[in-house]
Every structure is written in structure tokens, then in C-alpha cells.
file final_39.cif (mmCIF, C-alpha atoms and all ligand atoms)
data_model
loop_
_atom_site.label_atom_id
_atom_site.label_comp_id
_atom_site.auth_asym_id
_atom_site.auth_seq_id
_atom_site.Cartn_x
_atom_site.Cartn_y
_atom_site.Cartn_z
CA MET A 1 -17.46 54.30 -54.74
CA GLU A 2 -14.66 56.53 -53.46
CA PRO A 3 -15.47 60.25 -53.77
CA SER A 4 -13.17 62.16 -56.09
CA LEU A 5 -12.19 65.65 -57.08
CA PRO A 6 -12.45 66.40 -60.81
CA PHE A 7 -9.56 64.92 -62.81
CA SER A 8 -7.19 67.76 -63.68
CA SER A 9 -6.59 66.70 -67.28
CA ALA A 10 -10.14 66.41 -68.60
CA CYS A 11 -10.70 66.01 -72.33
CA LEU A 12 -12.14 68.97 -74.22
CA SER A 13 -15.71 68.84 -75.49
CA LEU A 14 -17.00 70.22 -78.78
CA TRP A 15 -18.07 73.41 -76.95
CA HIS A 16 -14.70 73.71 -75.16
CA ARG A 17 -12.83 73.42 -78.44
CA GLY A 18 -14.84 76.27 -79.93
CA THR A 19 -14.30 78.65 -76.97
CA ARG A 20 -10.57 78.44 -76.16
CA SER A 21 -10.29 82.23 -76.35
CA PHE A 22 -12.69 82.80 -73.44
CA THR A 23 -10.85 85.51 -71.46
CA HIS A 24 -11.54 84.07 -68.02
CA LEU A 25 -10.87 80.43 -68.93
CA ASN A 26 -7.88 80.23 -66.57
CA ALA A 27 -8.63 83.22 -64.32
CA ASN A 28 -6.23 83.60 -61.36
CA ARG A 29 -4.77 80.15 -61.94
CA GLN A 30 -1.46 81.02 -60.22
CA GLU A 31 -2.74 83.35 -57.50
CA ASP A 32 -3.19 82.48 -53.84
CA VAL A 33 -6.85 82.58 -52.83
CA PRO A 34 -8.19 85.65 -51.01
CA THR A 35 -8.23 85.06 -47.25
CA SER A 36 -11.93 85.85 -46.95
CA ALA A 37 -15.14 86.22 -48.91
CA LYS A 38 -18.70 86.60 -47.74
CA TYR A 39 -19.87 83.95 -50.20
CA VAL A 40 -17.77 81.13 -51.59
CA ILE A 41 -19.37 79.30 -54.49
CA ILE A 42 -17.70 75.98 -55.33
CA GLY A 43 -17.98 75.09 -59.02
CA SER A 44 -18.20 77.27 -62.13
CA GLY A 45 -20.88 75.39 -64.09
CA ILE A 46 -24.36 76.78 -64.77
CA SER A 47 -25.34 76.28 -61.09
CA GLY A 48 -22.32 78.09 -59.63
CA ALA A 49 -22.21 80.83 -62.26
CA LEU A 50 -25.92 81.60 -62.13
CA THR A 51 -26.07 81.49 -58.32
CA SER A 52 -23.22 84.02 -58.18
CA TRP A 53 -24.75 86.23 -60.87
CA LYS A 54 -28.14 86.18 -59.15
CA LEU A 55 -26.60 87.11 -55.79
CA ILE A 56 -25.30 90.29 -57.43
CA GLU A 57 -28.70 90.90 -59.05
CA ASP A 58 -30.20 90.62 -55.56
CA GLY A 59 -27.88 93.26 -54.13
CA VAL A 60 -24.77 91.42 -52.92
CA LYS A 61 -21.54 93.23 -53.86
CA GLY A 62 -19.53 91.43 -56.54
CA GLU A 63 -16.33 91.55 -54.50
CA ASP A 64 -18.09 89.63 -51.71
CA ILE A 65 -18.43 86.56 -53.94
CA LEU A 66 -15.64 84.14 -54.82
CA ILE A 67 -16.08 81.22 -57.21
CA LEU A 68 -13.60 78.36 -56.83
CA GLU A 69 -13.24 76.07 -59.82
CA ALA A 70 -11.10 72.91 -59.74
CA ARG A 71 -10.13 73.11 -63.42
CA GLU A 72 -10.62 75.67 -66.19
CA ALA A 73 -13.88 77.64 -66.11
CA VAL A 74 -17.02 75.68 -67.09
CA SER A 75 -15.08 72.44 -67.37
CA GLY A 76 -17.84 70.19 -66.01
CA ALA A 77 -21.17 69.01 -67.45
CA SER A 78 -22.21 72.59 -68.30
CA GLY A 79 -19.45 72.68 -70.91
CA ARG A 80 -19.99 69.11 -72.08
CA ASN A 81 -23.70 68.57 -72.50
CA ALA A 82 -25.80 68.07 -75.63
CA GLY A 83 -26.99 71.68 -75.77
CA HIS A 84 -30.56 70.48 -75.78
CA ILE A 85 -33.14 72.55 -73.87
CA ARG A 86 -35.91 70.02 -73.92
CA PRO A 87 -38.50 70.44 -71.19
CA ASP A 88 -40.46 67.31 -70.37
CA ALA A 89 -43.98 68.27 -71.50
CA PHE A 90 -45.80 65.36 -69.81
CA ARG A 91 -43.80 62.14 -70.18
CA GLY A 92 -42.42 61.94 -66.64
CA PHE A 93 -45.83 62.42 -65.03
CA LEU A 94 -46.50 58.77 -64.16
CA HIS A 95 -43.03 58.23 -62.76
CA TYR A 96 -42.96 61.46 -60.73
CA SER A 97 -46.50 60.75 -59.47
CA SER A 98 -45.45 57.33 -58.23
CA LEU A 99 -42.63 58.95 -56.25
CA HIS A 100 -44.12 62.25 -55.09
CA GLY A 101 -47.86 62.20 -55.83
CA PRO A 102 -49.68 63.93 -58.73
CA GLU A 103 -49.54 67.50 -57.37
CA GLN A 104 -45.74 67.50 -57.01
CA ALA A 105 -45.44 65.70 -60.36
CA LYS A 106 -47.41 68.51 -61.99
CA LYS A 107 -45.16 71.11 -60.38
CA ILE A 108 -42.03 69.34 -61.63
CA LEU A 109 -43.35 69.38 -65.19
CA GLU A 110 -44.51 73.00 -64.94
CA ASN A 111 -41.03 73.89 -63.75
CA GLU A 112 -39.56 72.27 -66.86
CA GLN A 113 -41.58 74.71 -68.98
CA ILE A 114 -40.38 77.61 -66.84
CA VAL A 115 -36.75 76.65 -67.56
CA LEU A 116 -37.18 76.94 -71.33
CA LYS A 117 -39.07 80.24 -71.04
CA SER A 118 -36.54 81.66 -68.54
CA ILE A 119 -33.51 80.78 -70.66
CA ARG A 120 -35.16 82.24 -73.78
CA LYS A 121 -35.95 85.46 -71.87
CA PHE A 122 -32.47 85.65 -70.30
CA VAL A 123 -30.65 85.14 -73.59
CA THR A 124 -32.89 87.64 -75.40
CA GLU A 125 -32.81 90.33 -72.70
CA HIS A 126 -29.01 90.26 -72.50
CA SER A 127 -28.41 89.68 -76.23
CA ILE A 128 -26.27 86.64 -75.41
CA ASN A 129 -24.57 85.06 -78.38
CA SER A 130 -24.97 81.41 -77.40
CA ASP A 131 -26.60 80.14 -80.60
CA PHE A 132 -29.94 79.83 -78.81
CA THR A 133 -32.39 78.49 -81.39
CA ASP A 134 -36.11 78.04 -80.80
CA THR A 135 -37.52 74.89 -82.33
CA THR A 136 -39.80 71.99 -81.48
CA THR A 137 -38.83 68.53 -80.32
CA PHE A 138 -40.28 65.11 -81.08
CA GLU A 139 -40.71 62.30 -78.60
CA THR A 140 -40.46 59.56 -81.22
CA CYS A 141 -41.72 56.17 -80.03
CA LEU A 142 -39.94 53.26 -81.71
CA THR A 143 -41.50 50.35 -79.81
CA GLN A 144 -45.08 49.53 -78.86
CA GLU A 145 -44.00 49.64 -75.21
CA ALA A 146 -42.80 53.23 -75.62
CA ALA A 147 -45.89 54.23 -77.62
CA ASP A 148 -48.30 52.77 -75.04
CA TYR A 149 -46.46 54.30 -72.09
CA THR A 150 -46.26 57.75 -73.68
CA ALA A 151 -49.96 57.74 -74.63
CA LYS A 152 -50.87 56.74 -71.06
CA ALA A 153 -48.67 59.47 -69.59
CA LEU A 154 -50.30 62.15 -71.76
CA LEU A 155 -53.81 61.05 -70.75
CA ALA A 156 -52.89 60.93 -67.06
CA TYR A 157 -51.25 64.37 -67.11
CA LYS A 158 -54.25 65.86 -68.91
CA ALA A 159 -56.66 64.24 -66.44
CA ALA A 160 -54.67 65.75 -63.56
CA GLY A 161 -55.19 69.21 -65.06
CA GLY A 162 -51.75 69.47 -66.68
CA ASP A 163 -51.41 71.96 -69.54
CA VAL A 164 -50.89 70.00 -72.76
CA SER A 165 -52.01 72.78 -75.11
CA GLU A 166 -48.60 72.91 -76.78
CA VAL A 167 -48.33 69.15 -77.36
CA GLN A 168 -49.15 67.84 -80.85
CA VAL A 169 -49.74 64.12 -81.34
CA HIS A 170 -48.73 62.35 -84.57
CA GLU A 171 -49.65 58.70 -85.15
CA GLY A 172 -48.53 56.09 -87.71
CA ASP A 173 -47.65 57.45 -91.17
CA GLU A 174 -47.95 61.03 -89.99
CA ALA A 175 -45.39 60.32 -87.25
CA LYS A 176 -43.03 58.75 -89.82
CA ALA A 177 -43.42 61.70 -92.20
CA LYS A 178 -43.03 64.41 -89.56
CA THR A 179 -40.00 62.87 -87.85
CA ARG A 180 -38.47 61.26 -90.96
CA VAL A 181 -37.93 58.16 -88.82
CA PRO A 182 -39.23 55.18 -90.86
CA ASN A 183 -40.00 52.96 -87.87
CA ALA A 184 -41.75 55.62 -85.76
CA ILE A 185 -44.99 54.30 -84.25
CA SER A 186 -46.09 57.63 -82.81
CA ALA A 187 -44.53 61.01 -82.10
CA TYR A 188 -45.33 63.86 -79.72
CA GLU A 189 -44.13 67.35 -80.57
CA TRP A 190 -43.69 70.38 -78.29
CA PRO A 191 -41.54 73.55 -78.00
CA ALA A 192 -37.83 73.16 -77.21
CA ALA A 193 -34.54 74.86 -78.04
CA SER A 194 -30.92 74.27 -78.84
CA ASN A 195 -28.12 76.28 -77.25
CA ASN A 196 -24.33 76.37 -76.83
CA PRO A 197 -24.12 75.80 -73.05
CA ALA A 198 -20.46 76.80 -72.64
CA LYS A 199 -21.03 80.16 -74.34
CA LEU A 200 -24.05 80.81 -72.11
CA VAL A 201 -22.16 80.12 -68.86
CA GLN A 202 -19.09 82.01 -70.09
CA TRP A 203 -21.31 85.04 -70.68
CA ILE A 204 -22.67 84.76 -67.13
CA LEU A 205 -19.14 84.52 -65.69
CA THR A 206 -17.96 87.47 -67.78
CA ASP A 207 -20.81 89.63 -66.54
CA PHE A 208 -20.23 88.44 -62.96
CA ILE A 209 -16.55 89.41 -63.16
CA ALA A 210 -17.38 92.75 -64.83
CA LYS A 211 -19.54 93.49 -61.78
CA GLY A 212 -16.65 92.82 -59.38
CA GLY A 213 -17.12 89.07 -58.80
CA ARG A 214 -14.01 86.92 -58.36
CA LEU A 215 -13.20 83.62 -60.07
CA TRP A 216 -10.29 81.37 -59.11
CA THR A 217 -9.72 78.53 -61.59
CA HIS A 218 -7.55 75.39 -61.26
CA CYS A 219 -8.19 75.77 -57.55
CA PRO A 220 -10.14 72.84 -56.06
CA ALA A 221 -11.79 73.16 -52.67
CA THR A 222 -10.25 70.19 -50.90
CA LYS A 223 -12.01 70.50 -47.54
CA VAL A 224 -14.66 72.66 -45.86
CA THR A 225 -14.36 72.94 -42.09
CA LYS A 226 -15.92 75.05 -39.34
CA HIS A 227 -14.14 78.41 -39.19
CA ALA A 228 -11.16 78.41 -36.86
CA THR A 229 -9.45 81.66 -36.00
CA SER A 230 -5.79 81.23 -36.76
CA GLU A 231 -2.94 83.32 -38.07
CA ALA A 232 -3.54 81.99 -41.54
CA THR A 233 -7.19 82.96 -41.72
CA SER A 234 -7.75 85.72 -39.19
CA ALA A 235 -5.88 88.60 -40.83
CA ASN A 236 -8.66 89.72 -43.19
CA ALA A 237 -11.42 87.28 -42.31
CA SER A 238 -14.67 88.95 -41.44
CA ALA A 239 -15.83 88.51 -37.86
CA SER A 240 -18.88 86.62 -39.07
CA ALA A 241 -16.95 83.91 -40.95
CA ARG A 242 -18.41 80.47 -40.30
CA TRP A 243 -16.49 78.23 -42.70
CA ASP A 244 -12.93 77.67 -43.84
CA ILE A 245 -12.55 76.46 -47.40
CA HIS A 246 -9.19 74.79 -47.93
CA THR A 247 -7.46 74.83 -51.30
CA PRO A 248 -3.93 74.04 -52.52
CA ARG A 249 -3.38 77.83 -52.74
CA GLY A 250 -4.54 78.84 -49.28
CA THR A 251 -7.64 78.93 -47.09
CA VAL A 252 -10.64 81.23 -47.49
CA ALA A 253 -12.88 82.11 -44.55
CA ALA A 254 -16.52 82.57 -45.58
CA GLU A 255 -19.92 83.25 -44.10
CA THR A 256 -21.76 81.16 -46.65
CA VAL A 257 -20.58 78.31 -48.86
CA VAL A 258 -22.64 77.11 -51.80
CA HIS A 259 -21.70 73.69 -53.18
CA CYS A 260 -22.32 73.60 -56.95
CA THR A 261 -20.11 70.59 -57.57
CA ASN A 262 -22.57 68.25 -59.29
CA ALA A 263 -21.24 64.66 -59.52
CA TYR A 264 -18.30 65.51 -57.24
CA ALA A 265 -20.47 66.70 -54.34
CA SER A 266 -19.59 63.83 -52.01
CA PHE A 267 -15.89 64.71 -51.97
CA LEU A 268 -16.68 67.68 -49.72
CA LEU A 269 -19.98 66.35 -48.34
CA PRO A 270 -19.39 62.62 -47.67
CA ASN A 271 -22.98 62.16 -46.44
CA LEU A 272 -24.09 62.51 -50.04
CA ALA A 273 -22.00 59.55 -51.21
CA ASN A 274 -25.00 57.22 -51.50
CA PHE A 275 -27.21 59.80 -53.16
CA ILE A 276 -25.02 61.51 -55.74
CA THR A 277 -22.80 59.32 -57.89
CA PRO A 278 -21.37 60.09 -61.31
CA ARG A 279 -22.73 58.45 -64.41
CA ARG A 280 -20.89 58.91 -67.65
CA SER A 281 -23.07 60.27 -70.37
CA GLN A 282 -21.63 60.93 -73.78
CA VAL A 283 -22.74 62.97 -76.71
CA ASN A 284 -21.12 62.52 -80.10
CA SER A 285 -21.00 65.12 -82.83
CA PHE A 286 -21.94 63.63 -86.21
CA ILE A 287 -21.45 65.15 -89.63
CA PRO A 288 -24.66 64.04 -91.33
CA CYS A 289 -24.92 62.16 -94.59
CA PRO A 290 -26.22 63.99 -97.72
CA SER A 291 -29.83 62.94 -97.05
CA LEU A 292 -29.71 64.96 -93.81
CA SER A 293 -27.66 67.89 -95.18
CA GLY A 294 -28.32 71.00 -97.28
CA ALA A 295 -32.03 71.56 -97.83
CA GLU A 296 -32.70 68.27 -96.00
CA THR A 297 -30.96 69.38 -92.78
CA LEU A 298 -32.87 68.40 -89.63
CA LYS A 299 -34.43 71.46 -87.98
CA LYS A 300 -36.13 69.84 -85.01
CA THR A 301 -34.66 68.00 -82.05
CA MET A 302 -35.75 64.56 -81.00
CA ALA A 303 -35.67 61.70 -78.53
CA LEU A 304 -35.66 58.28 -80.18
CA ARG A 305 -37.44 56.27 -77.51
CA TYR A 306 -37.24 52.49 -77.07
CA SER A 307 -38.28 52.34 -73.40
CA ALA A 308 -38.25 54.44 -70.21
CA ASN A 309 -34.48 54.58 -69.77
CA HIS A 310 -33.45 53.53 -73.23
CA PHE A 311 -33.38 56.34 -75.72
CA PHE A 312 -31.13 58.52 -77.84
CA SER A 313 -31.26 62.29 -78.09
CA VAL A 314 -30.80 64.08 -81.40
CA ASN A 315 -29.93 67.76 -81.40
CA PRO A 316 -29.18 69.30 -84.81
CA LEU A 317 -27.04 72.44 -84.49
CA ARG A 318 -27.15 75.56 -86.63
CA ASP A 319 -24.13 74.41 -88.62
CA GLY A 320 -25.95 71.24 -89.66
CA THR A 321 -23.95 68.84 -87.49
CA ILE A 322 -25.91 66.63 -85.12
CA ASN A 323 -25.28 66.08 -81.42
CA PHE A 324 -26.27 62.51 -80.76
CA GLY A 325 -26.46 61.35 -77.16
CA GLY A 326 -28.26 59.10 -74.74
CA THR A 327 -27.90 55.54 -73.52
CA GLY A 328 -25.16 53.41 -74.97
CA THR A 329 -26.56 50.82 -77.35
CA ARG A 330 -29.51 50.32 -79.64
CA ASP A 331 -30.53 47.15 -77.82
CA GLY A 332 -30.15 48.68 -74.36
CA SER A 333 -27.49 46.17 -73.34
CA ASP A 334 -25.49 48.90 -71.60
CA SER A 335 -27.84 48.41 -68.66
CA GLU A 336 -26.18 45.02 -68.07
CA THR A 337 -24.24 45.12 -64.82
CA GLU A 338 -20.70 45.06 -66.21
CA LYS A 339 -21.34 47.69 -68.87
CA TRP A 340 -23.23 49.84 -66.41
CA LYS A 341 -20.31 49.74 -63.97
CA ALA A 342 -17.97 51.09 -66.64
CA LEU A 343 -20.19 54.16 -66.92
CA VAL A 344 -20.08 54.94 -63.20
CA THR A 345 -16.85 56.91 -63.21
CA PHE A 346 -15.41 60.34 -62.44
CA ASP A 347 -12.88 59.93 -65.23
CA ASP A 348 -13.52 62.38 -68.07
CA ARG A 349 -9.99 62.36 -69.48
CA CYS A 350 -11.06 60.57 -72.63
CA PHE A 351 -14.27 59.70 -74.47
CA ASN A 352 -15.58 56.13 -74.37
CA SER A 353 -14.95 54.52 -77.76
CA THR A 354 -17.33 51.61 -77.06
CA LEU A 355 -20.22 54.05 -76.73
CA VAL A 356 -19.33 55.61 -80.09
CA LYS A 357 -19.10 52.22 -81.79
CA ASN A 358 -22.40 51.01 -80.34
CA ARG A 359 -24.22 54.09 -81.59
CA LEU A 360 -22.93 53.73 -85.10
C1 LIG A 401 -22.89 64.36 -71.77
C2 LIG A 401 -23.98 65.17 -71.11
C3 LIG A 401 -25.06 65.59 -71.86
C4 LIG A 401 -26.06 66.36 -71.27
N1 LIG A 401 -27.04 66.87 -72.05
C5 LIG A 401 -27.91 67.76 -71.55
C6 LIG A 401 -28.82 68.43 -72.38
O1 LIG A 401 -28.82 68.25 -73.59
N2 LIG A 401 -29.69 69.31 -71.82
C7 LIG A 401 -29.67 69.57 -70.47
O2 LIG A 401 -30.47 70.39 -70.02
N3 LIG A 401 -28.80 68.95 -69.66
C8 LIG A 401 -27.91 68.08 -70.16
N4 LIG A 401 -26.99 67.49 -69.35
C9 LIG A 401 -27.01 67.81 -67.91
C10 LIG A 401 -26.42 69.20 -67.64
O3 LIG A 401 -25.24 69.40 -68.37
C11 LIG A 401 -26.13 69.33 -66.14
O4 LIG A 401 -27.30 69.05 -65.41
C12 LIG A 401 -25.67 70.73 -65.76
O5 LIG A 401 -24.66 71.19 -66.62
C13 LIG A 401 -25.16 70.70 -64.33
O6 LIG A 401 -24.62 71.96 -64.03
P1 LIG A 401 -23.83 72.16 -62.69
O7 LIG A 401 -23.34 73.55 -62.66
O8 LIG A 401 -24.67 71.69 -61.57
O9 LIG A 401 -22.61 71.14 -62.78
P2 LIG A 401 -21.25 71.21 -63.64
O10 LIG A 401 -21.40 71.94 -64.89
O11 LIG A 401 -20.75 69.81 -63.70
O12 LIG A 401 -20.32 72.08 -62.72
C14 LIG A 401 -19.71 71.60 -61.55
C15 LIG A 401 -18.34 72.24 -61.49
O13 LIG A 401 -17.81 72.06 -60.20
C16 LIG A 401 -16.41 71.85 -60.32
N5 LIG A 401 -15.99 71.19 -59.08
C17 LIG A 401 -16.38 69.99 -58.60
N6 LIG A 401 -15.84 69.76 -57.40
C18 LIG A 401 -15.10 70.85 -57.10
C19 LIG A 401 -14.30 71.21 -55.98
N7 LIG A 401 -14.17 70.41 -54.91
N8 LIG A 401 -13.68 72.42 -56.01
C20 LIG A 401 -13.81 73.27 -57.07
N9 LIG A 401 -14.56 72.95 -58.15
C21 LIG A 401 -15.20 71.77 -58.16
C22 LIG A 401 -16.29 70.98 -61.56
O14 LIG A 401 -15.00 71.02 -62.12
C23 LIG A 401 -17.35 71.62 -62.46
O15 LIG A 401 -16.81 72.64 -63.28
C24 LIG A 401 -25.98 66.69 -69.89
C25 LIG A 401 -24.90 66.25 -69.13
C26 LIG A 401 -23.90 65.51 -69.74
C27 LIG A 401 -22.70 65.08 -68.91
#

call {"tool": "encode", "arguments": {"input": "final_39.cif", "output": "C-alpha cells"}}
result
Amino acid sequence: MEPSLPFSSACLSLWHRGTRSFTHLNANRQEDVPTSAKYVIIGSGISGALTSWKLIEDGVKGEDILILEAREAVSGASGRNAGHIRPDAFRGFLHYSSLHGPEQAKKILENEQIVLKSIRKFVTEHSINSDFTDTTTFETCLTQEAADYTAKALLAYKAAGGDVSEVQVHEGDEAKAKTRVPNAISAYEWPAASNNPAKLVQWILTDFIAKGGRLWTHCPATKVTKHATSEATSANASASARWDIHTPRGTVAAETVVHCTNAYASFLLPNLANFITPRRSQVNSFIPCPSLSGAETLKKTMALRYSANHFFSVNPLRDGTINFGGTGTRDGSDSETEKWKALVTFDDRCFNSTLVKNRL
């Protein structure tokens, strides 16, 4: 498919709607870009924001870092996701092993645990108000295929020396009772968390800017070329500039460019076109019925698993609403070619009403 920049008129997610007063939402939206920066970070999602923040932590001066964001701050997946911090405790082991061997597979899963612990520590240490909530999550198996596969994965991970000390196994009636899912065959429970991702990244950007970092929003990088000394770029460009980053509001010369552009990567790096393609994922916010409200409110998150790639994610928020995401239909028919094609798109101007209907 043709590479694309982010669409300028993206729809607003649940998290975006609740954070319209974020001070830096449209930072420098009218200004020409600075002519030079030691580091240019492209993209203001969790990857771009955290990379920039960490550079300062590691001793780089804030004013040496410039983030370019095509739209408003945190307008990509980091401001649109389900808010579910759900490390894979063992389930991916067989798949990762088949691709990379058991040792790498173990490392991937160990890294998943590190992510949860690191975010918890980060949010606590900095007193970040991002509604971070510690909980546990269920892997709820709804078909015999899912139950057999999950049991096999747990055994294999354990046999390879994987740490499964935090995984609890519930079978049959116990699984039904624990998850409150009447057709659960088995369920696996382990630590997880829920978090408002936009608030988290906005905090990181705020701290980055407070430390001198620069953020230019509504300013897409349209091309990255080898640095050329010219009147336009030479005035303030440092002698060690290696790249020119072109934008509609001028060109920045930089020593180092970090691409944090997620699904849009191939627009600037065409060699990635066959490796990174967008796939629409959609999470819907549900107001639960009385049997899941009040004292009966769900407290734990969940994956409702039919098969390897066919599942729904359930993330109950503090306010009692439920973020419901995952693949499109209960019968998995969204993997049919035509339906699949409709999900391969850069267009996030509107939600997909078919996905909502299928879930209901
Ligand atoms: C619907 C959905 C649900 C998800 N649920 C979860 C979940 O529950 N838990 C979880 O852990 N993960 C979830 N994810 C995945 C997670 O959100 C992403 O992996 C993560 O946010 C990626 O962060 P990022 O910074 O790499 O990309 P993004 O947040 O997408 O940031 C990339 C940024 O780059 C900008 N950009 C792109 N090209 C350019 C350019 N040329 N110039 C300037 N700016 C540019 C974009 O506008 C965007 O703001 C979900 C994703 C989606 C879409």
C-alpha cells in the first residue's frame, strides 16, 4: 500500500476528549521550525516522548532536542489505545519460540514483565496522575482450542525455566465463577494494570518541555535527506549536522534523527513499506448494564480468547465504564480477505461502525 502521513483531521478518542486542556496540545503550531537541533525526534507518542525524556535524563540538554509531531500532541496510538497494561505472562512462548528459539522467547516474555514493573515505578516515583490502577488480568479460554493451546504454552514455558510463579490457573466452574464468564472453559490470572495512556504521555511531554525540550505540533516531517549546506540551513546549523528534516514550516538540520512514527514509518523510510503496515484496531467504551455496575462492577481486566488471533480485550476503568477491544467479530469472520483489507488503513478520521455492530 502507498505510504501516508497521518491524516490531519483525525477523530478524537475517549482519552483525547478528556484531555483537551493539555497545555502543550498544539505547541508551536504556527511557528517556523528551528533551523537546527542536535536530536530530532519524529512523533510525540509514548516512543517519541519517552526517548526525548530519557535523553535529558542521560545528560542531553533539553534545548538540543526537538520533537516534531504531524498533528496535535499524542494524537497517534498512544492517545487511542485501550489503556491496558497486560504483560504476556507465558502465552506467546510457543509462537515466539517457533520464530526465535526458546531463549529469545523467554527474554521477550521477561521483558513484558519489566514493562509493567517499570511503568508502575515511573508513575509512582513521579506521582503521575494517569489513573494507573494495579489489578490482575484473566486469559479466559472460550473454546477447547484456546484452552488446549494455553495449557500447552504454560507447560512449555515452565519447562524452559520461565517464571510462572505469579500465574494462577482456574479450571471449569472455578474459571466461570472467577471471571463471571458463563462459557469459560479455563482461565489464567496474573498481575496487570489499567492506565490512561494520553495522560501518561502528556505528563512526559510536560516534564520534557519544563526541562527545556522543544515540541512542534501540526508539523509533519515530510522528508529526511542527507545534510546539505545551503543558505536555508547553514545559518545556525551545527557543523556536525548529518540530516535535514523537511517540514511545511522549514527545514531542521540535525545530528541524530529518531523515527518514532509507528504505522507511518514507511512514509519517511520507504524500505520499511513491506514490514510496517497499519492495521486498524478499535476499542469501544461501553457503559455497562446493571449486572456489571455498582457493587458488581468488574475490577479485573480480561482477554476473551477464541483462538490465537481471535479475542476481545476487556478493560474496566475506574469510573465503571468498560473499554472493549480486539478483533472485529465474535465468529472471527473479520479475518476474511475483504474484511481484513478494510482494516488495513491509515485513515483514523472516523470510527468503524461495522466493528461496533459486530461486537454488540
Ligand atoms: C486501538 C488500539 C488499542 C491498543 N491497545 C493497547 C493496550 O491496551 N495496551 C498496550 O500496551 N498497547 C495497546 N495498543 C498499542 C499501543 O497503543 C502502541 O503500541 C503505542 O502507543 C505505540 O506508541 P508509538 O509512540 O510508537 O506510536 P504512536 O503513539 O502512534 O505515535 C506516533 C506519532 O508519530 C506521529 N507521526 C507519524 N508520522 C509522522 C511524521 N512524518 N512527522 C511527524 N509526526 C509523525 C503520529 O501522528 C503519532 O502521533 C493499542 C493500539 C491501538 C491503535

call {"tool": "residues_near_ligand", "arguments": {"input": "final_39.cif", "ligand": "ligand LIG 401 (chain A)", "cutoff": "7 Å", "atoms": "only C-alpha atoms and all ligand atoms", "output": "ChimeraX atom specification"}}
result
/A:5-6,42-48,68-71,73-86,219-222,260-265,267-268,280-283,325

call {"tool": "write_last_selection", "arguments": {"input": "final_39.cif", "atoms": "C-alpha atoms", "output": "CSV table (one decimal), in the frame of the given file"}}
result
chain,number,residue,atom,x,y,z
A,5,LEU,CA,-12.2,65.6,-57.1
A,6,PRO,CA,-12.4,66.4,-60.8
A,42,ILE,CA,-17.7,76.0,-55.3
A,43,GLY,CA,-18.0,75.1,-59.0
A,44,SER,CA,-18.2,77.3,-62.1
A,45,GLY,CA,-20.9,75.4,-64.1
A,46,ILE,CA,-24.4,76.8,-64.8
A,47,SER,CA,-25.3,76.3,-61.1
A,48,GLY,CA,-22.3,78.1,-59.6
A,68,LEU,CA,-13.6,78.4,-56.8
A,69,GLU,CA,-13.2,76.1,-59.8
A,70,ALA,CA,-11.1,72.9,-59.7
A,71,ARG,CA,-10.1,73.1,-63.4
A,73,ALA,CA,-13.9,77.6,-66.1
A,74,VAL,CA,-17.0,75.7,-67.1
A,75,SER,CA,-15.1,72.4,-67.4
A,76,GLY,CA,-17.8,70.2,-66.0
A,77,ALA,CA,-21.2,69.0,-67.4
A,78,SER,CA,-22.2,72.6,-68.3
A,79,GLY,CA,-19.4,72.7,-70.9
A,80,ARG,CA,-20.0,69.1,-72.1
A,81,ASN,CA,-23.7,68.6,-72.5
A,82,ALA,CA,-25.8,68.1,-75.6
A,83,GLY,CA,-27.0,71.7,-75.8
A,84,HIS,CA,-30.6,70.5,-75.8
A,85,ILE,CA,-33.1,72.6,-73.9
A,86,ARG,CA,-35.9,70.0,-73.9
A,219,CYS,CA,-8.2,75.8,-57.6
A,220,PRO,CA,-10.1,72.8,-56.1
A,221,ALA,CA,-11.8,73.2,-52.7
A,222,THR,CA,-10.2,70.2,-50.9
A,260,CYS,CA,-22.3,73.6,-57.0
A,261,THR,CA,-20.1,70.6,-57.6
A,262,ASN,CA,-22.6,68.2,-59.3
A,263,ALA,CA,-21.2,64.7,-59.5
A,264,TYR,CA,-18.3,65.5,-57.2
A,265,ALA,CA,-20.5,66.7,-54.3
A,267,PHE,CA,-15.9,64.7,-52.0
A,268,LEU,CA,-16.7,67.7,-49.7
A,280,ARG,CA,-20.9,58.9,-67.6
A,281,SER,CA,-23.1,60.3,-70.4
A,282,GLN,CA,-21.6,60.9,-73.8
A,283,VAL,CA,-22.7,63.0,-76.7
A,325,GLY,CA,-26.5,61.4,-77.2

call {"tool": "atom_distance", "arguments": {"input": "final_39.cif", "atom1": "atom CA of A:Val356", "atom2": "atom CA of A:Ser313"}}
result
13.8 Å

call {"tool": "atom_distance", "arguments": {"input": "final_39.cif", "atom1": "atom CA of A:Asn309", "atom2": "atom CA of A:Gln168"}}
result
22.7 Å

call {"tool": "atom_distance", "arguments": {"input": "final_39.cif", "atom1": "atom CA of A:Val123", "atom2": "atom CA of A:Ser285"}}
result
24.1 Å

call {"tool": "residues_near_point", "arguments": {"input": "final_39.cif", "point": "(-49.0, 64.8, -76.4)", "cutoff": "9 Å", "atoms": "only C-alpha atoms", "output": "ChimeraX atom specification"}}
result
/A:89-91,139,150-151,153-155,164-170,187-190

call {"tool": "residues_around", "arguments": {"input": "final_39.cif", "residues": "A:Cys141", "least_positions_apart": "3", "cutoff": "9 Å", "atoms": "only C-alpha atoms", "output": "ChimeraX atom specification"}}
result
/A:144-148,150,183-188,303-307

call {"tool": "residues_around", "arguments": {"input": "final_39.cif", "residues": "A:Gln30", "least_positions_apart": "2", "cutoff": "10 Å", "atoms": "all atoms listed in the file", "output": "ChimeraX atom specification"}}
result
/A:26-28,32-33,216-219,249

call {"tool": "closest_residue", "arguments": {"input": "final_39.cif", "among": "A:Lys152, A:Asp173, A:Leu25, A:Val257", "to": "A:Thr206", "atoms": "all atoms listed in the file"}}
result
A:Leu25

call {"tool": "closest_residue", "arguments": {"input": "final_39.cif", "among": "A:Thr225, A:Leu272, A:Leu292, A:Ile56", "to": "A:Ile204", "atoms": "all atoms listed in the file"}}
result
A:Ile56
